[in-house]
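Novice: protein-v6.pdb (PDB, C-alpha atoms, pLDDT in the B column) pasted underneath:
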ATOM      1  CA  MET R 901      -9.416  11.886 -17.376  1.00 43.00           C
ATOM      2  CA  THR R 902     -10.699  15.033 -18.941  1.00 48.00           C
ATOM      3  CA  ALA R 903     -14.453  15.580 -18.944  1.00 64.00           C
ATOM      4  CA  GLY R 904     -15.772  16.500 -22.363  1.00 82.00           C
ATOM      5  CA  THR R 905     -14.348  16.588 -25.827  1.00 91.00           C
ATOM      6  CA  ARG R 906     -11.296  18.625 -26.768  1.00 92.00           C
ATOM      7  CA  ASN R 907     -10.808  19.921 -30.276  1.00 93.00           C
ATOM      8  CA  VAL R 908      -7.126  20.343 -31.005  1.00 93.00           C
ATOM      9  CA  ARG R 909      -5.978  22.468 -33.929  1.00 95.00           C
ATOM     10  CA  ILE R 910      -2.467  21.771 -35.149  1.00 95.00           C
ATOM     11  CA  PHE R 911      -0.369  23.422 -37.835  1.00 96.00           C
ATOM     12  CA  MET R 912       2.176  20.869 -39.013  1.00 95.00           C
ATOM     13  CA  SER R 913       4.934  20.521 -41.552  1.00 97.00           C
ATOM     14  CA  GLU R 914       4.543  18.672 -44.822  1.00 97.00           C
ATOM     15  CA  GLN R 915       6.829  15.908 -43.509  1.00 97.00           C
ATOM     16  CA  CYS R 916       4.675  15.409 -40.395  1.00 96.00           C
ATOM     17  CA  PHE R 917       1.556  15.434 -42.562  1.00 97.00           C
ATOM     18  CA  GLU R 918       3.074  12.714 -44.773  1.00 96.00           C
ATOM     19  CA  LEU R 919       3.850  10.713 -41.644  1.00 96.00           C
ATOM     20  CA  LEU R 920       0.202  11.071 -40.591  1.00 96.00           C
ATOM     21  CA  VAL R 921      -1.102   9.978 -43.991  1.00 96.00           C
ATOM     22  CA  ASP R 922       1.302   7.014 -44.145  1.00 96.00           C
ATOM     23  CA  ALA R 923       0.263   5.906 -40.643  1.00 96.00           C
ATOM     24  CA  MET R 924      -3.421   6.134 -41.597  1.00 96.00           C
ATOM     25  CA  ALA R 925      -2.758   4.017 -44.697  1.00 96.00           C
ATOM     26  CA  ALA R 926      -0.753   1.411 -42.755  1.00 94.00           C
ATOM     27  CA  PHE R 927      -3.412   1.179 -40.050  1.00 96.00           C
ATOM     28  CA  SER R 928      -6.180   0.932 -42.664  1.00 96.00           C
ATOM     29  CA  LYS R 929      -4.345  -1.897 -44.444  1.00 95.00           C
ATOM     30  CA  GLN R 930      -3.672  -3.718 -41.183  1.00 93.00           C
ATOM     31  CA  THR R 931      -7.296  -3.534 -40.012  1.00 95.00           C
ATOM     32  CA  ARG R 932      -8.696  -3.919 -43.528  1.00 96.00           C
ATOM     33  CA  ARG R 933     -11.013  -0.966 -42.809  1.00 96.00           C
ATOM     34  CA  PHE R 934     -10.620   2.700 -43.636  1.00 96.00           C
ATOM     35  CA  GLN R 935      -9.179   4.478 -40.590  1.00 96.00           C
ATOM     36  CA  THR R 936      -9.561   8.187 -40.001  1.00 95.00           C
ATOM     37  CA  MET R 937      -6.892  10.405 -38.523  1.00 94.00           C
ATOM     38  CA  ARG R 938      -8.610  10.363 -35.125  1.00 95.00           C
ATOM     39  CA  MET R 939      -8.888   6.573 -35.108  1.00 96.00           C
ATOM     40  CA  THR R 940      -5.224   6.250 -36.093  1.00 97.00           C
ATOM     41  CA  VAL R 941      -3.964   8.645 -33.413  1.00 96.00           C
ATOM     42  CA  GLN R 942      -6.283   7.017 -30.871  1.00 96.00           C
ATOM     43  CA  ALA R 943      -4.897   3.553 -31.687  1.00 96.00           C
ATOM     44  CA  ALA R 944      -1.320   4.824 -31.513  1.00 96.00           C
ATOM     45  CA  CYS R 945      -1.882   6.380 -28.083  1.00 95.00           C
ATOM     46  CA  SER R 946      -3.638   3.272 -26.795  1.00 94.00           C
ATOM     47  CA  ARG R 947      -0.955   0.906 -28.043  1.00 93.00           C
ATOM     48  CA  LEU R 948       1.848   3.087 -26.674  1.00 93.00           C
ATOM     49  CA  LYS R 949       0.450   2.845 -23.111  1.00 88.00           C
ATOM     50  CA  SER R 950       2.703  -0.062 -22.191  1.00 86.00           C
ATOM     51  CA  HIS R 951       5.565   1.044 -24.429  1.00 86.00           C
ATOM     52  CA  GLY R 952       8.484   3.022 -23.085  1.00 83.00           C
ATOM     53  CA  VAL R 953       9.347   6.371 -24.604  1.00 87.00           C
ATOM     54  CA  SER R 954      12.975   7.431 -24.616  1.00 89.00           C
ATOM     55  CA  LYS R 955      14.555  10.841 -24.819  1.00 91.00           C
ATOM     56  CA  VAL R 956      16.810   9.546 -27.614  1.00 93.00           C
ATOM     57  CA  GLU R 957      13.771   8.587 -29.717  1.00 93.00           C
ATOM     58  CA  LEU R 958      12.269  12.039 -29.198  1.00 93.00           C
ATOM     59  CA  GLU R 959      15.546  13.759 -30.094  1.00 93.00           C
ATOM     60  CA  GLU R 960      15.944  11.607 -33.214  1.00 95.00           C
ATOM     61  CA  PHE R 961      12.361  12.355 -34.240  1.00 95.00           C
ATOM     62  CA  LEU R 962      12.828  16.103 -33.771  1.00 94.00           C
ATOM     63  CA  ALA R 963      16.086  15.980 -35.755  1.00 95.00           C
ATOM     64  CA  GLU R 964      14.434  14.091 -38.632  1.00 95.00           C
ATOM     65  CA  TYR R 965      11.065  15.844 -38.864  1.00 95.00           C
ATOM     66  CA  PRO R 966      10.550  19.590 -39.011  1.00 95.00           C
ATOM     67  CA  ILE R 967       7.532  20.361 -36.856  1.00 94.00           C
ATOM     68  CA  ASP R 968       6.294  23.807 -37.788  1.00 94.00           C
ATOM     69  CA  GLY R 969       4.294  24.191 -40.952  1.00 95.00           C
ATOM     70  CA  ASP R 970       1.146  25.568 -42.474  1.00 96.00           C
ATOM     71  CA  ILE R 971      -0.895  22.389 -42.945  1.00 97.00           C
ATOM     72  CA  ARG R 972      -3.843  22.719 -40.585  1.00 96.00           C
ATOM     73  CA  ILE R 973      -5.462  19.660 -39.064  1.00 95.00           C
ATOM     74  CA  PHE R 974      -8.114  19.239 -36.414  1.00 96.00           C
ATOM     75  CA  LEU R 975      -8.104  16.379 -33.937  1.00 95.00           C
ATOM     76  CA  GLU R 976     -11.045  15.547 -31.715  1.00 95.00           C
ATOM     77  CA  VAL R 977      -9.939  14.036 -28.410  1.00 95.00           C
ATOM     78  CA  THR R 978     -12.996  12.450 -26.832  1.00 94.00           C
ATOM     79  CA  PRO R 979     -13.356  11.264 -23.231  1.00 94.00           C
ATOM     80  CA  GLU R 980     -13.097   7.630 -24.407  1.00 93.00           C
ATOM     81  CA  TRP R 981      -9.412   8.041 -25.234  1.00 94.00           C
ATOM     82  CA  ALA R 982      -8.351  11.312 -23.598  1.00 94.00           C
ATOM     83  CA  GLN R 983      -6.671   9.381 -20.775  1.00 94.00           C
ATOM     84  CA  ASP R 984      -4.402   7.522 -23.245  1.00 94.00           C
ATOM     85  CA  TYR R 985      -3.570  10.800 -25.005  1.00 94.00           C
ATOM     86  CA  ASP R 986      -2.806  12.571 -21.731  1.00 93.00           C
ATOM     87  CA  SER R 987      -0.793   9.603 -20.476  1.00 92.00           C
ATOM     88  CA  LEU R 988       1.445   9.725 -23.536  1.00 93.00           C
ATOM     89  CA  ARG R 989       1.782  13.487 -23.099  1.00 91.00           C
ATOM     90  CA  ALA R 990       2.892  12.907 -19.475  1.00 92.00           C
ATOM     91  CA  LYS R 991       5.480  10.306 -20.556  1.00 91.00           C
ATOM     92  CA  VAL R 992       6.955  12.679 -23.110  1.00 92.00           C
ATOM     93  CA  ARG R 993       6.878  15.585 -20.639  1.00 91.00           C
ATOM     94  CA  LYS R 994       8.769  13.447 -18.124  1.00 90.00           C
ATOM     95  CA  ILE R 995      11.575  12.520 -20.508  1.00 89.00           C
ATOM     96  CA  CYS R 996      12.060  16.002 -21.928  1.00 85.00           C
ATOM     97  CA  GLU R 997      11.261  17.799 -18.665  1.00 82.00           C
ATOM     98  CA  GLN R 998       8.969  20.332 -20.312  1.00 80.00           C
ATOM     99  CA  THR R 999       5.444  20.569 -21.651  1.00 81.00           C
ATOM    100  CA  ILE R1000       5.176  19.198 -25.150  1.00 83.00           C
ATOM    101  CA  SER R1001       2.777  20.698 -27.685  1.00 90.00           C
ATOM    102  CA  ASP R1002       0.163  18.766 -29.634  1.00 92.00           C
ATOM    103  CA  LYS R1003       1.962  19.558 -32.896  1.00 92.00           C
ATOM    104  CA  VAL R1004       4.897  17.499 -31.577  1.00 93.00           C
ATOM    105  CA  LEU R1005       2.948  14.874 -29.644  1.00 94.00           C
ATOM    106  CA  VAL R1006       0.653  13.729 -32.471  1.00 95.00           C
ATOM    107  CA  PRO R1007       3.308  13.063 -35.138  1.00 96.00           C
ATOM    108  CA  PHE R1008       5.700  11.639 -32.516  1.00 95.00           C
ATOM    109  CA  ALA R1009       3.029   9.163 -31.363  1.00 95.00           C
ATOM    110  CA  LEU R1010       2.447   8.077 -34.953  1.00 96.00           C
ATOM    111  CA  HIS R1011       6.185   7.828 -35.586  1.00 95.00           C
ATOM    112  CA  LEU R1012       6.638   5.566 -32.550  1.00 94.00           C
ATOM    113  CA  ALA R1013       3.630   3.405 -33.409  1.00 94.00           C
ATOM    114  CA  VAL R1014       4.848   2.867 -36.983  1.00 92.00           C
ATOM    115  CA  LYS R1015       8.488   2.349 -35.929  1.00 92.00           C
ATOM    116  CA  HIS R1016       7.529  -0.327 -33.393  1.00 91.00           C
ATOM    117  CA  ASN R1017       4.815  -1.958 -35.571  1.00 90.00           C
ATOM    118  CA  LEU R1018       2.040  -1.049 -33.151  1.00 89.00           C
ATOM    119  CA  LEU R1019      -0.485   0.038 -35.766  1.00 85.00           C
TER     120      LEU R1019
END
Would you write the structure of this file as structure tokens?

Specialist:
Amino acid sequence: MTAGTRNVRIFMSEQCFELLVDAMAAFSKQTRRFQTMRMTVQAACSRLKSHGVSKVELEEFLAEYPIDGDIRIFLEVTPEWAQDYDSLRAKVRKICEQTISDKVLVPFALHLAVKHNLL
């Protein structure tokens, strides 16, 4: 686990931003409490720990969602959930055999969590 807090800056596409907003809304409705972006991404990473990630799902996600964009977001990854975040990153790295950037990892995690009703 990483010591300390990481502040991740991501520039994402409008479609990925809409995915983020929709996931936050779904998670807020499910918990019946307002959920921030960090809380939503944290929950997605935590709930994907025991879930498999396939190369086909990643390829389908990348085909459906343009990644690059000019919408800037900041994500604070604290020590309390950095291990879950890094674990998901390692799973994705293993299936695609290359390092995956945060601008792909964050919306992909939300996509998987929504798709599999984990939020």

Novice: Selection in question (the file shown): the PyMOL selection byres ((chain R and resi 918-927) around 10). Which residues does it include, as an mmCIF file with C-alpha atoms, keeping the file's coordinate frame?

Specialist:
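Ended up saving to out_10.cif:
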data_model
loop_
_atom_site.group_PDB
_atom_site.id
_atom_site.type_symbol
_atom_site.label_atom_id
_atom_site.label_comp_id
_atom_site.auth_asym_id
_atom_site.auth_seq_id
_atom_site.Cartn_x
_atom_site.Cartn_y
_atom_site.Cartn_z
ATOM 1 C CA SER R 913 4.934 20.521 -41.552
ATOM 2 C CA GLU R 914 4.543 18.672 -44.822
ATOM 3 C CA GLN R 915 6.829 15.908 -43.509
ATOM 4 C CA CYS R 916 4.675 15.409 -40.395
ATOM 5 C CA PHE R 917 1.556 15.434 -42.562
ATOM 6 C CA SER R 928 -6.180 0.932 -42.664
ATOM 7 C CA LYS R 929 -4.345 -1.897 -44.444
ATOM 8 C CA GLN R 930 -3.672 -3.718 -41.183
ATOM 9 C CA THR R 931 -7.296 -3.534 -40.012
ATOM 10 C CA ARG R 932 -8.696 -3.919 -43.528
ATOM 11 C CA ARG R 933 -11.013 -0.966 -42.809
ATOM 12 C CA PHE R 934 -10.620 2.700 -43.636
ATOM 13 C CA GLN R 935 -9.179 4.478 -40.590
ATOM 14 C CA THR R 936 -9.561 8.187 -40.001
ATOM 15 C CA MET R 937 -6.892 10.405 -38.523
ATOM 16 C CA ARG R 938 -8.610 10.363 -35.125
ATOM 17 C CA MET R 939 -8.888 6.573 -35.108
ATOM 18 C CA THR R 940 -5.224 6.250 -36.093
ATOM 19 C CA VAL R 941 -3.964 8.645 -33.413
ATOM 20 C CA ALA R 943 -4.897 3.553 -31.687
ATOM 21 C CA ALA R 944 -1.320 4.824 -31.513
ATOM 22 C CA TYR R 965 11.065 15.844 -38.864
ATOM 23 C CA VAL R 1006 0.653 13.729 -32.471
ATOM 24 C CA PRO R 1007 3.308 13.063 -35.138
ATOM 25 C CA PHE R 1008 5.700 11.639 -32.516
ATOM 26 C CA ALA R 1009 3.029 9.163 -31.363
ATOM 27 C CA LEU R 1010 2.447 8.077 -34.953
ATOM 28 C CA HIS R 1011 6.185 7.828 -35.586
ATOM 29 C CA ALA R 1013 3.630 3.405 -33.409
ATOM 30 C CA VAL R 1014 4.848 2.867 -36.983
ATOM 31 C CA ASN R 1017 4.815 -1.958 -35.571
ATOM 32 C CA LEU R 1018 2.040 -1.049 -33.151
ATOM 33 C CA LEU R 1019 -0.485 0.038 -35.766
#

Novice: Name the closest residue to Gln998 (chain R) among the candidates R:Met912, R:Tyr985, R:Pro979, R:Lys955; distances are taken between atoms, counting only C-alpha atoms.

Specialist: R:Lys955

Novice: Apply the PyMOL selection byres ((chain R and resi 984) around 8) to the structure shown and report the selected residues as a PyMOL selection string.

Specialist: chain R and resi 942+945-946+949+981-983+985-988

Novice: Taking 2 positions as the minimum chain separation for residues in the same chain, which residues sit within 8 Å of Asp1002 (chain R) when counting all atoms listed in the file? Answer as a count of residues only.

Specialist: 6

Novice: Calculate how many Å separate CA of Arg947 (chain R) from CA of Val977 (chain R), rounding to one decimal.

Specialist: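 For CA of Arg947 (chain R) relative to CA of Val977 (chain R), the distance reads 15.9 Å.
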
Novice: Which residue out of R:Glu959, R:Lys1015, R:Gly904, R:Arg909 has the minimum interatomic distance to Glu980 (chain R) when only C-alpha atoms are used?

Specialist: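 Nearest to Glu980 (chain R): R:Gly904.
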
Novice: If you measure from CA of Thr999 (chain R) to CA of Leu1012 (chain R), what distance in Å do you get, rounded to one decimal?

Specialist: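 Interatomic distance here is 18.6 Å.
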
Novice: To one decimal place in Å, what is the distance between CA of Glu976 (chain R) and CA of Arg906 (chain R)?

Specialist: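 Between CA of Glu976 (chain R) and CA of Arg906 (chain R) the gap works out to 5.8 Å.
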
Novice: Between R:Thr905, R:Ile973, R:Phe911, R:Cys996, single out the one closest to Leu958 (chain R), counting all atoms listed in the file.

Specialist: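 Among the listed residues, R:Cys996 lies closest to Leu958 (chain R).
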
Novice: Save C-alpha atoms of region 902-1012 of chain R from the block above as a PDB file, in the first residue's frame.

Specialist:
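Writing done, so here's selection.pdb:
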ATOM      1  CA  THR R 902       1.172   3.466  -0.786  1.00  0.00           C
ATOM      2  CA  ALA R 903       2.092   5.705   2.135  1.00  0.00           C
ATOM      3  CA  GLY R 904       0.427   9.090   1.934  1.00  0.00           C
ATOM      4  CA  THR R 905      -2.236  10.622  -0.212  1.00  0.00           C
ATOM      5  CA  ARG R 906      -1.997  10.829  -3.986  1.00  0.00           C
ATOM      6  CA  ASN R 907      -3.741  13.562  -5.915  1.00  0.00           C
ATOM      7  CA  VAL R 908      -4.529  12.385  -9.415  1.00  0.00           C
ATOM      8  CA  ARG R 909      -5.388  14.883 -12.136  1.00  0.00           C
ATOM      9  CA  ILE R 910      -7.260  13.462 -15.099  1.00  0.00           C
ATOM     10  CA  PHE R 911      -8.405  15.049 -18.340  1.00  0.00           C
ATOM     11  CA  MET R 912     -11.353  13.030 -19.611  1.00  0.00           C
ATOM     12  CA  SER R 913     -13.834  13.036 -22.442  1.00  0.00           C
ATOM     13  CA  GLU R 914     -17.391  14.259 -22.101  1.00  0.00           C
ATOM     14  CA  GLN R 915     -18.637  10.660 -22.406  1.00  0.00           C
ATOM     15  CA  CYS R 916     -16.396   9.491 -19.543  1.00  0.00           C
ATOM     16  CA  PHE R 917     -17.491  12.485 -17.479  1.00  0.00           C
ATOM     17  CA  GLU R 918     -21.147  11.554 -18.071  1.00  0.00           C
ATOM     18  CA  LEU R 919     -20.340   8.009 -16.983  1.00  0.00           C
ATOM     19  CA  LEU R 920     -18.798   9.413 -13.790  1.00  0.00           C
ATOM     20  CA  VAL R 921     -21.805  11.621 -13.061  1.00  0.00           C
ATOM     21  CA  ASP R 922     -24.265   8.783 -13.756  1.00  0.00           C
ATOM     22  CA  ALA R 923     -22.319   6.445 -11.450  1.00  0.00           C
ATOM     23  CA  MET R 924     -22.314   9.072  -8.687  1.00  0.00           C
ATOM     24  CA  ALA R 925     -26.083   9.492  -9.068  1.00  0.00           C
ATOM     25  CA  ALA R 926     -26.725   5.728  -9.047  1.00  0.00           C
ATOM     26  CA  PHE R 927     -24.528   5.231  -5.987  1.00  0.00           C
ATOM     27  CA  SER R 928     -26.180   8.174  -4.209  1.00  0.00           C
ATOM     28  CA  LYS R 929     -29.645   6.744  -4.907  1.00  0.00           C
ATOM     29  CA  GLN R 930     -28.605   3.272  -3.782  1.00  0.00           C
ATOM     30  CA  THR R 931     -27.098   4.486  -0.497  1.00  0.00           C
ATOM     31  CA  ARG R 932     -29.699   7.225  -0.047  1.00  0.00           C
ATOM     32  CA  ARG R 933     -26.849   9.652   0.726  1.00  0.00           C
ATOM     33  CA  PHE R 934     -25.041  12.086  -1.528  1.00  0.00           C
ATOM     34  CA  GLN R 935     -21.848  10.427  -2.784  1.00  0.00           C
ATOM     35  CA  THR R 936     -18.870  12.379  -4.034  1.00  0.00           C
ATOM     36  CA  MET R 937     -16.699  11.345  -6.941  1.00  0.00           C
ATOM     37  CA  ARG R 938     -14.011  10.034  -4.584  1.00  0.00           C
ATOM     38  CA  MET R 939     -16.508   7.986  -2.581  1.00  0.00           C
ATOM     39  CA  THR R 940     -17.980   6.551  -5.786  1.00  0.00           C
ATOM     40  CA  VAL R 941     -14.611   5.573  -7.271  1.00  0.00           C
ATOM     41  CA  GLN R 942     -13.522   4.204  -3.890  1.00  0.00           C
ATOM     42  CA  ALA R 943     -16.648   2.023  -3.662  1.00  0.00           C
ATOM     43  CA  ALA R 944     -16.195   0.810  -7.236  1.00  0.00           C
ATOM     44  CA  CYS R 945     -12.578  -0.196  -6.593  1.00  0.00           C
ATOM     45  CA  SER R 946     -13.476  -1.905  -3.325  1.00  0.00           C
ATOM     46  CA  ARG R 947     -16.369  -3.843  -4.818  1.00  0.00           C
ATOM     47  CA  LEU R 948     -14.323  -4.899  -7.849  1.00  0.00           C
ATOM     48  CA  LYS R 949     -11.696  -6.595  -5.628  1.00  0.00           C
ATOM     49  CA  SER R 950     -13.317 -10.007  -5.942  1.00  0.00           C
ATOM     50  CA  HIS R 951     -14.618  -9.410  -9.460  1.00  0.00           C
ATOM     51  CA  GLY R 952     -12.744 -10.625 -12.501  1.00  0.00           C
ATOM     52  CA  VAL R 953     -11.719  -8.172 -15.185  1.00  0.00           C
ATOM     53  CA  SER R 954     -11.549  -9.414 -18.751  1.00  0.00           C
ATOM     54  CA  LYS R 955      -9.636  -8.133 -21.728  1.00  0.00           C
ATOM     55  CA  VAL R 956     -12.866  -8.251 -23.759  1.00  0.00           C
ATOM     56  CA  GLU R 957     -14.588  -5.903 -21.288  1.00  0.00           C
ATOM     57  CA  LEU R 958     -11.666  -3.480 -21.489  1.00  0.00           C
ATOM     58  CA  GLU R 959     -11.643  -3.598 -25.295  1.00  0.00           C
ATOM     59  CA  GLU R 960     -15.412  -3.049 -25.440  1.00  0.00           C
ATOM     60  CA  PHE R 961     -15.123  -0.129 -23.024  1.00  0.00           C
ATOM     61  CA  LEU R 962     -12.330   1.488 -25.043  1.00  0.00           C
ATOM     62  CA  ALA R 963     -14.332   1.013 -28.257  1.00  0.00           C
ATOM     63  CA  GLU R 964     -17.445   2.609 -26.727  1.00  0.00           C
ATOM     64  CA  TYR R 965     -15.937   5.491 -24.753  1.00  0.00           C
ATOM     65  CA  PRO R 966     -13.447   8.003 -26.099  1.00  0.00           C
ATOM     66  CA  ILE R 967     -10.921   8.617 -23.346  1.00  0.00           C
ATOM     67  CA  ASP R 968      -9.096  11.827 -24.144  1.00  0.00           C
ATOM     68  CA  GLY R 969     -10.836  15.091 -23.453  1.00  0.00           C
ATOM     69  CA  ASP R 970     -10.549  18.466 -21.826  1.00  0.00           C
ATOM     70  CA  ILE R 971     -12.727  17.984 -18.742  1.00  0.00           C
ATOM     71  CA  ARG R 972     -10.359  18.179 -15.789  1.00  0.00           C
ATOM     72  CA  ILE R 973     -11.076  16.280 -12.599  1.00  0.00           C
ATOM     73  CA  PHE R 974      -9.047  15.705  -9.471  1.00  0.00           C
ATOM     74  CA  LEU R 975      -9.177  12.476  -7.505  1.00  0.00           C
ATOM     75  CA  GLU R 976      -7.691  12.087  -4.052  1.00  0.00           C
ATOM     76  CA  VAL R 977      -6.475   8.543  -3.425  1.00  0.00           C
ATOM     77  CA  THR R 978      -5.947   8.191   0.309  1.00  0.00           C
ATOM     78  CA  PRO R 979      -4.082   5.396   2.102  1.00  0.00           C
ATOM     79  CA  GLU R 980      -7.418   3.924   3.269  1.00  0.00           C
ATOM     80  CA  TRP R 981      -8.284   2.800  -0.255  1.00  0.00           C
ATOM     81  CA  ALA R 982      -5.054   3.093  -2.250  1.00  0.00           C
ATOM     82  CA  GLN R 983      -4.554  -0.679  -2.039  1.00  0.00           C
ATOM     83  CA  ASP R 984      -7.930  -1.334  -3.735  1.00  0.00           C
ATOM     84  CA  TYR R 985      -7.124   1.248  -6.422  1.00  0.00           C
ATOM     85  CA  ASP R 986      -3.672  -0.214  -7.043  1.00  0.00           C
ATOM     86  CA  SER R 987      -5.056  -3.753  -7.038  1.00  0.00           C
ATOM     87  CA  LEU R 988      -7.522  -2.877  -9.783  1.00  0.00           C
ATOM     88  CA  ARG R 989      -4.724  -1.165 -11.706  1.00  0.00           C
ATOM     89  CA  ALA R 990      -2.651  -4.379 -11.434  1.00  0.00           C
ATOM     90  CA  LYS R 991      -5.567  -6.511 -12.693  1.00  0.00           C
ATOM     91  CA  VAL R 992      -6.039  -4.273 -15.709  1.00  0.00           C
ATOM     92  CA  ARG R 993      -2.281  -4.138 -16.355  1.00  0.00           C
ATOM     93  CA  LYS R 994      -2.175  -7.941 -16.306  1.00  0.00           C
ATOM     94  CA  ILE R 995      -4.941  -8.391 -18.868  1.00  0.00           C
ATOM     95  CA  CYS R 996      -3.699  -5.732 -21.268  1.00  0.00           C
ATOM     96  CA  GLU R 997      -0.007  -6.370 -20.580  1.00  0.00           C
ATOM     97  CA  GLN R 998       0.841  -2.690 -20.249  1.00  0.00           C
ATOM     98  CA  THR R 999       0.550   0.107 -17.725  1.00  0.00           C
ATOM     99  CA  ILE R1000      -2.869   1.688 -17.768  1.00  0.00           C
ATOM    100  CA  SER R1001      -3.344   5.397 -17.097  1.00  0.00           C
ATOM    101  CA  ASP R1002      -5.671   6.869 -14.492  1.00  0.00           C
ATOM    102  CA  LYS R1003      -7.769   8.483 -17.230  1.00  0.00           C
ATOM    103  CA  VAL R1004      -8.631   4.954 -18.412  1.00  0.00           C
ATOM    104  CA  LEU R1005      -8.708   3.210 -15.039  1.00  0.00           C
ATOM    105  CA  VAL R1006     -11.189   5.531 -13.299  1.00  0.00           C
ATOM    106  CA  PRO R1007     -13.962   5.488 -15.928  1.00  0.00           C
ATOM    107  CA  PHE R1008     -13.372   1.772 -16.608  1.00  0.00           C
ATOM    108  CA  ALA R1009     -13.808   0.981 -12.896  1.00  0.00           C
ATOM    109  CA  LEU R1010     -17.056   2.944 -12.831  1.00  0.00           C
ATOM    110  CA  HIS R1011     -18.234   1.291 -16.041  1.00  0.00           C
ATOM    111  CA  LEU R1012     -17.621  -2.179 -14.582  1.00  0.00           C
TER     112      LEU R1012
END
